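Visitor: I'd like to ask you about the structure that follows.
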Amino acid sequence: MAAKKPKTVNRKAPAAARAKSARKSVLLVATRKGAWLYHGDAARRTWRADGPHFLGHVISQLMLDPRDGRTLLAAAKTGHLGPTVFRSVDRGRNWKEAARPPAFAKAPEGEKGRSVDHTFWLTPGHRDEPGVWYAGTSPQGLFRSGDGGVTWEPFSPINDDSEYRKWMGTVQDGTPDGPKLHSVMVDPRDPAHLYFAMSGGGVHESVDGGRSFTPILQGLEVVEGFDAADPSFHDPHCVRLCPSNPDRLYQQNHCGIYRLDSPSREWVRIGKNMPRRVGDIGFPLVVHPRDDNTAWVFPMDGTTVWPRTSPEGRPAVYATRNGGKSWQRLDAGLPQKQAWWTVKRQAMTADARDPLGLYFGTTSGELWMSRDEGRRWSCIACHLPEIYAVEAAEFV
Amino acid sequence: MKVLIPGGLRSYTERSQVEVGGATLGAALAELERLYPGIRFRIVDEQDRIRRHIRIFVNGAQLRELAQPLAAGGELVIVQALSGG
């Protein structure tokens with residue numbers, strides 16, 4: 001199991017992190033029609049657009065390898081061609097396709113095998129495992145690369161395990177554009193301690209480097225009438241591990257916002273403390289890199305037929321500073337009415353600066369940021385395609 | 001055999017027509033992959049199924065299986081984007 005907690009949690013950025021602010025801030029924006037890089041100045045006040053890259057490709061995520069500060073991976077597909085992963089080792093100047101993108105094992109003769117429709121999620125491996133990456137796909141599958149994303153292999157037994165396959169369901173059981181394996185997380189204290197979540201199939205933990213996984217379901221609610229003991233009926237939207245306290249996870253779920261504090265195995269529904277008229281349904285969730293009591297969510301209208309818009313057309317981020325005991329609405333600078341966009345699960349993120357910057361991209365193609373942890377928002381870009389993912393990174 | 005490449009795949013071949021050998025569709029696609037790495041997986045999935053939005057014709061007849069034989073001297077046409085509207 002995981003190592004001990006850090007002894008202290010200091011919300012101020014350590015000297016090393018402050019020194020890193022000399023590095024170049026970049027926002028990695030993945031959209032339904034391509035990818036953009038937004039290069040920020042030192043004060044994060046002006047942003048230079050670099051793109052489109054892969055115009056016309058559906059880019060589910062664009063991710064920097066924080067271990068070298070220059071390698072980028074992009075999960076791509078088009079409307080008609082199969083999925084792939086593109087890789088750049090020079091901060092996005094040149095791209096080369098993976099030699100072997102994520103793909104399921106070929107099924108034995110006479111059996112129907114699964115095919116990757118798109119790679120959805122990319123996670124760099126542990127800092128002590130350079131070159132290791134994990135990927136989650138739709139249909140739900142887990143993949144690993146040991147060579148920086150050049151070649152990928154199915155990872156762990158879950159892709160073909162009969163019980164996991166039952167929990168994963170079919171393409172009809174999940175998200176409208178296909179169920180997704182997401183939120184792959186590596187404990188910064190232990191590369192063998194892994195988590196992942198499935199948009200249809202629950203949250204799962206491994207303490208043996210992925211040789212086996214166990215569902216963590218206790219305390220999570222499911223849609224009324226379904227069996228909460230069956231992972232099939234659990235729909236996590238986004239799960240985040242607190243870097244300052246890796247024993248703490250936050251989860252935005254189809255049925256509320258939760259927190260888990262290991263070694264407890266029970267999720268606590270902290271979303272009950274959200275304003276009733278806003279509710280605690282949404283997709284993205286962001287944790288503070290230095291404060292495990294601080295997290296941000298972006299609530300969505302999940303009533304009736306699930307409009308998937310901002311509640312009442314009034315978008316807002318909500319923050320907790322006390323582990324979910326209370327929530328504060330943060331909408332200064334955001335439209336105050338008739339704004340019917342929302343934010344997808346990978347499209348809200350934070351940088352590591354002090355004060356911390358928060359960023360989100362909308363389904364209507366706007367890129368927003370706050371330089372003061374959400375107190376005031378400004379629009380960086382508009383008229384982009386529908387934004388699927390935003391990552392705040394630093395080029396070395 | 002002459003192969004006509006659709007626009008979406010010309011980032012691999014950098015031209016609209018290429019020449020490959022092969023007695024079957026599978027062999028021709030393997031040759032295409034050898035010449036232009038990565039192109040096959042955009043056309044055929046990991047279960048050796050031709051992808052949903054791709055069609056392949058030889059001399060006007062549609063091929064659905066990789067094992068189907070190719071007549072020497074024919075023209076292989078790879079088509080995308082038949083779906084949509």
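By order in the structure tokens, chains are A, B, ...; within a chain, residues start at 1; ligands start at 1, following the order shown.
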Just asking: which residues within region 88-194 of chain A are helix (DSSP H, G or I) according to DSSP, as a VMD selection string?
Guide: chain A and resid 157 to 159 162 to 168 171 to 173
Visitor: Generate a file of the selected residues that holds N, CA and C atoms, formatted as a short mmCIF file (atom, residue, chain, number, x, y, z; two decimals), in the first residue's frame.
Guide:
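File written: out16.cif
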```cif
data_model
loop_
_atom_site.label_atom_id
_atom_site.label_comp_id
_atom_site.auth_asym_id
_atom_site.auth_seq_id
_atom_site.Cartn_x
_atom_site.Cartn_y
_atom_site.Cartn_z
N PRO A 157 -4.87 -6.98 -16.49
CA PRO A 157 -5.84 -7.96 -17.02
C PRO A 157 -7.22 -7.38 -17.26
N ILE A 158 -7.48 -6.13 -16.87
CA ILE A 158 -8.88 -5.69 -16.87
C ILE A 158 -9.52 -5.65 -18.25
N ASN A 159 -8.72 -5.41 -19.29
CA ASN A 159 -9.32 -5.28 -20.62
C ASN A 159 -10.03 -6.56 -21.06
N SER A 162 -13.37 -11.17 -17.42
CA SER A 162 -14.81 -11.33 -17.67
C SER A 162 -15.64 -10.46 -16.74
N GLU A 163 -15.19 -10.32 -15.47
CA GLU A 163 -15.97 -9.51 -14.53
C GLU A 163 -15.88 -8.02 -14.92
N TYR A 164 -14.66 -7.58 -15.23
CA TYR A 164 -14.52 -6.18 -15.64
C TYR A 164 -15.28 -5.90 -16.94
N ARG A 165 -15.26 -6.86 -17.85
CA ARG A 165 -15.98 -6.66 -19.11
C ARG A 165 -17.48 -6.51 -18.84
N LYS A 166 -17.98 -7.25 -17.87
CA LYS A 166 -19.40 -7.12 -17.50
C LYS A 166 -19.66 -5.72 -16.92
N TRP A 167 -18.76 -5.28 -16.06
CA TRP A 167 -18.94 -3.95 -15.46
C TRP A 167 -18.83 -2.85 -16.50
N MET A 168 -17.95 -3.04 -17.49
CA MET A 168 -17.76 -2.02 -18.53
C MET A 168 -19.00 -1.86 -19.40
N VAL A 171 -21.28 -0.26 -25.64
CA VAL A 171 -21.29 1.15 -26.07
C VAL A 171 -22.63 1.82 -25.77
N GLN A 172 -23.65 1.01 -25.53
CA GLN A 172 -24.97 1.58 -25.26
C GLN A 172 -25.16 1.94 -23.79
N ASP A 173 -24.18 1.56 -22.96
CA ASP A 173 -24.37 1.72 -21.52
C ASP A 173 -23.76 2.99 -20.95
#
```
Visitor: Could you name the residues that touch region 65-80 of chain B at 10 Å or less, counting only C-alpha atoms, but leaving out those on the same chain fewer than 5 positions away, as a ChimeraX atom specification?
Guide: /A:79-81 /B:1-9,17-29,43-44,48-60
Visitor: For the residues in the current selection, export C-alpha atoms as a PDB file, in the first residue's frame.
Guide:
```pdb
ATOM      1  CA  GLY A  79     -14.660  11.320 -38.278  1.00  0.00           C
ATOM      2  CA  HIS A  80     -13.728   8.593 -40.741  1.00  0.00           C
ATOM      3  CA  LEU A  81     -10.273   7.247 -39.964  1.00  0.00           C
TER       4      LEU A  81
ATOM      5  CA  MET B   1      -1.482  -2.730 -58.397  1.00  0.00           C
ATOM      6  CA  LYS B   2      -2.434   0.918 -58.445  1.00  0.00           C
ATOM      7  CA  VAL B   3      -4.000   2.198 -55.207  1.00  0.00           C
ATOM      8  CA  LEU B   4      -6.034   5.423 -55.094  1.00  0.00           C
ATOM      9  CA  ILE B   5      -5.562   7.164 -51.745  1.00  0.00           C
ATOM     10  CA  PRO B   6      -8.329   9.391 -50.289  1.00  0.00           C
ATOM     11  CA  GLY B   7      -7.488  12.903 -49.111  1.00  0.00           C
ATOM     12  CA  GLY B   8      -7.585  11.994 -45.440  1.00  0.00           C
ATOM     13  CA  LEU B   9      -4.748   9.500 -45.867  1.00  0.00           C
ATOM     14  CA  GLN B  17      -1.793   7.161 -56.185  1.00  0.00           C
ATOM     15  CA  VAL B  18       0.715   4.543 -55.093  1.00  0.00           C
ATOM     16  CA  GLU B  19       1.723   1.072 -56.291  1.00  0.00           C
ATOM     17  CA  VAL B  20       1.680  -2.036 -54.106  1.00  0.00           C
ATOM     18  CA  GLY B  21       1.829  -5.772 -54.637  1.00  0.00           C
ATOM     19  CA  GLY B  22      -0.142  -8.530 -52.904  1.00  0.00           C
ATOM     20  CA  ALA B  23      -2.340 -11.458 -53.809  1.00  0.00           C
ATOM     21  CA  THR B  24      -5.047 -10.530 -51.288  1.00  0.00           C
ATOM     22  CA  LEU B  25      -6.444  -7.322 -49.853  1.00  0.00           C
ATOM     23  CA  GLY B  26      -4.679  -8.120 -46.577  1.00  0.00           C
ATOM     24  CA  ALA B  27      -1.349  -8.549 -48.341  1.00  0.00           C
ATOM     25  CA  ALA B  28      -1.811  -5.290 -50.260  1.00  0.00           C
ATOM     26  CA  LEU B  29      -2.581  -3.400 -47.054  1.00  0.00           C
ATOM     27  CA  ILE B  43      -8.172   1.870 -42.435  1.00  0.00           C
ATOM     28  CA  VAL B  44      -8.450  -1.463 -40.586  1.00  0.00           C
ATOM     29  CA  ASP B  48      -8.875  -6.906 -38.921  1.00  0.00           C
ATOM     30  CA  ARG B  49     -12.226  -5.292 -39.700  1.00  0.00           C
ATOM     31  CA  ILE B  50     -12.386  -2.559 -42.309  1.00  0.00           C
ATOM     32  CA  ARG B  51     -13.364   0.561 -40.382  1.00  0.00           C
ATOM     33  CA  ARG B  52     -16.968   1.727 -40.365  1.00  0.00           C
ATOM     34  CA  HIS B  53     -16.499   4.774 -42.573  1.00  0.00           C
ATOM     35  CA  ILE B  54     -14.044   3.231 -45.031  1.00  0.00           C
ATOM     36  CA  ARG B  55     -14.898   1.371 -48.229  1.00  0.00           C
ATOM     37  CA  ILE B  56     -12.489  -0.489 -50.493  1.00  0.00           C
ATOM     38  CA  PHE B  57     -13.176  -1.349 -54.120  1.00  0.00           C
ATOM     39  CA  VAL B  58     -11.246  -3.279 -56.750  1.00  0.00           C
ATOM     40  CA  ASN B  59     -12.289  -2.720 -60.338  1.00  0.00           C
ATOM     41  CA  GLY B  60     -15.625  -1.400 -59.072  1.00  0.00           C
TER      42      GLY B  60
END
```
Visitor: Mind listing as a ChimeraX atom specification which residues of chain A are within 9 Å of chain B, counting only C-alpha atoms?
Guide: /A:77-84,97-101,103-107,112-116
Visitor: Quote the spacing between CA of Val58 (chain A) and CA of Ser138 (chain A) in Å to one decimal place.
Guide: 13.5 Å
Visitor: Hey, what's within 9 Å of region 312-314 of chain A if we count only C-alpha atoms and toss same-chain stuff fewer than 3 positions away? As a count of residues only, please?
Guide: 12
Visitor: Please provide as a VMD selection string all residues within 6 Å of region 344-350 of chain A, with the sequence filter that same-chain residues fewer than 2 positions apart are discarded (counting only C-alpha atoms).
Guide: chain A and resid 283 to 284 286 357 to 361 388 to 391
Visitor: Pull C-alpha atoms from the residues just selected and write them as a PDB file, in the first residue's frame.
Guide:
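What ended up in out33.pdb:
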```
ATOM      1  CA  PHE A 283     -18.131  16.876 -14.993  1.00  0.00           C
ATOM      2  CA  PRO A 284     -14.789  18.553 -14.166  1.00  0.00           C
ATOM      3  CA  VAL A 286      -9.771  20.408  -9.995  1.00  0.00           C
ATOM      4  CA  GLY A 357      -4.194  30.103 -12.029  1.00  0.00           C
ATOM      5  CA  LEU A 358      -7.411  28.327 -12.934  1.00  0.00           C
ATOM      6  CA  TYR A 359      -8.488  27.669 -16.515  1.00  0.00           C
ATOM      7  CA  PHE A 360     -11.461  26.161 -18.296  1.00  0.00           C
ATOM      8  CA  GLY A 361     -12.643  25.679 -21.863  1.00  0.00           C
ATOM      9  CA  TYR A 388     -12.707  18.839 -24.941  1.00  0.00           C
ATOM     10  CA  ALA A 389      -9.648  19.300 -22.713  1.00  0.00           C
ATOM     11  CA  VAL A 390      -7.439  22.019 -21.233  1.00  0.00           C
ATOM     12  CA  GLU A 391      -4.114  21.389 -19.501  1.00  0.00           C
TER      13      GLU A 391
END
```
Visitor: Record the distance separating CA of Asp161 (chain A) and CA of Glu109 (chain A), expressed in Å with one decimal.
Guide: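 These two atoms are separated by 18.0 Å.
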Visitor: Hey, what's within 7 Å of region 235-245 of chain A if we count only C-alpha atoms and toss same-chain stuff fewer than 2 positions away? As number ranges by chain, please?
Guide: A: 5-6, 9, 183, 197-203, 233, 247-254, 283-287, 289-292, 345
Visitor: Could the residues in this selection be saved with C-alpha atoms as an mmCIF file, in the first residue's frame?
Guide:
```cif
data_model
loop_
_atom_site.group_PDB
_atom_site.id
_atom_site.type_symbol
_atom_site.label_atom_id
_atom_site.label_comp_id
_atom_site.auth_asym_id
_atom_site.auth_seq_id
_atom_site.Cartn_x
_atom_site.Cartn_y
_atom_site.Cartn_z
ATOM 1 C CA LYS A 5 1.533 11.113 4.118
ATOM 2 C CA PRO A 6 3.769 14.142 3.802
ATOM 3 C CA VAL A 9 1.098 20.697 3.858
ATOM 4 C CA SER A 183 -8.940 9.574 -14.453
ATOM 5 C CA ALA A 197 -12.350 5.367 -13.302
ATOM 6 C CA MET A 198 -14.859 4.345 -15.934
ATOM 7 C CA SER A 199 -17.716 6.548 -17.088
ATOM 8 C CA GLY A 200 -19.765 3.393 -16.748
ATOM 9 C CA GLY A 201 -18.154 1.063 -14.213
ATOM 10 C CA GLY A 202 -16.878 2.808 -11.071
ATOM 11 C CA VAL A 203 -13.527 3.753 -9.541
ATOM 12 C CA PHE A 233 -24.178 1.278 -12.185
ATOM 13 C CA ASP A 247 -4.394 9.675 0.493
ATOM 14 C CA ARG A 248 -7.177 12.091 -0.434
ATOM 15 C CA LEU A 249 -9.275 11.746 -3.603
ATOM 16 C CA TYR A 250 -12.097 13.954 -4.810
ATOM 17 C CA GLN A 251 -14.708 12.731 -7.243
ATOM 18 C CA GLN A 252 -17.326 14.420 -9.401
ATOM 19 C CA ASN A 253 -19.847 11.681 -10.068
ATOM 20 C CA HIS A 254 -23.119 11.353 -11.979
ATOM 21 C CA PHE A 283 -18.131 16.876 -14.993
ATOM 22 C CA PRO A 284 -14.789 18.553 -14.166
ATOM 23 C CA LEU A 285 -13.103 18.760 -10.776
ATOM 24 C CA VAL A 286 -9.771 20.408 -9.995
ATOM 25 C CA VAL A 287 -7.698 20.064 -6.817
ATOM 26 C CA PRO A 289 -1.655 21.241 -5.912
ATOM 27 C CA ARG A 290 -0.588 22.401 -2.426
ATOM 28 C CA ASP A 291 -3.783 22.350 -0.360
ATOM 29 C CA ASP A 292 -5.822 19.180 -0.027
ATOM 30 C CA ARG A 345 -14.529 16.631 -17.593
#
```
Visitor: If we count only C-alpha atoms and set the cut-off at 9 Å, which residues sit around Leu220 (chain A), ignoring sequence neighbours fewer than 4 positions away in its own chain? Please answer as a PyMOL selection string.
Guide: chain A and resi 216+228+234+253+255-256+258+266-269
Visitor: Near Thr294 (chain A), counting only C-alpha atoms, which residues have an atom at most 9 Å away, once you skip same-chain residues fewer than 5 positions from it, shown as a PDB file with C-alpha atoms, in the first residue's frame?
Guide:
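Output file part_19.pdb is given in full below:
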```pdb
ATOM      1  CA  VAL A 286      -9.771  20.408  -9.995  1.00  0.00           C
ATOM      2  CA  VAL A 287      -7.698  20.064  -6.817  1.00  0.00           C
ATOM      3  CA  HIS A 288      -5.196  22.538  -5.429  1.00  0.00           C
ATOM      4  CA  PRO A 289      -1.655  21.241  -5.912  1.00  0.00           C
ATOM      5  CA  ALA A 319     -14.825  26.295  -4.648  1.00  0.00           C
ATOM      6  CA  THR A 320     -14.387  24.602  -1.332  1.00  0.00           C
ATOM      7  CA  ARG A 321     -11.577  25.607   1.026  1.00  0.00           C
ATOM      8  CA  ASN A 322     -12.436  23.129   3.755  1.00  0.00           C
ATOM      9  CA  GLY A 323     -12.631  19.745   2.125  1.00  0.00           C
ATOM     10  CA  GLY A 324     -16.228  20.139   1.043  1.00  0.00           C
TER      11      GLY A 324
END
```
Visitor: Write down as a PyMOL selection string the residues belonging to region 179-362 of chain A that are assigned strand (DSSP E) by DSSP computed on the backbone.
Guide: chain A and resi 181-187+190-198+202-206+214-215+236-242+245-253+256-261+268-269+282-287+295-299+317-320+328-330+348-350+358-361
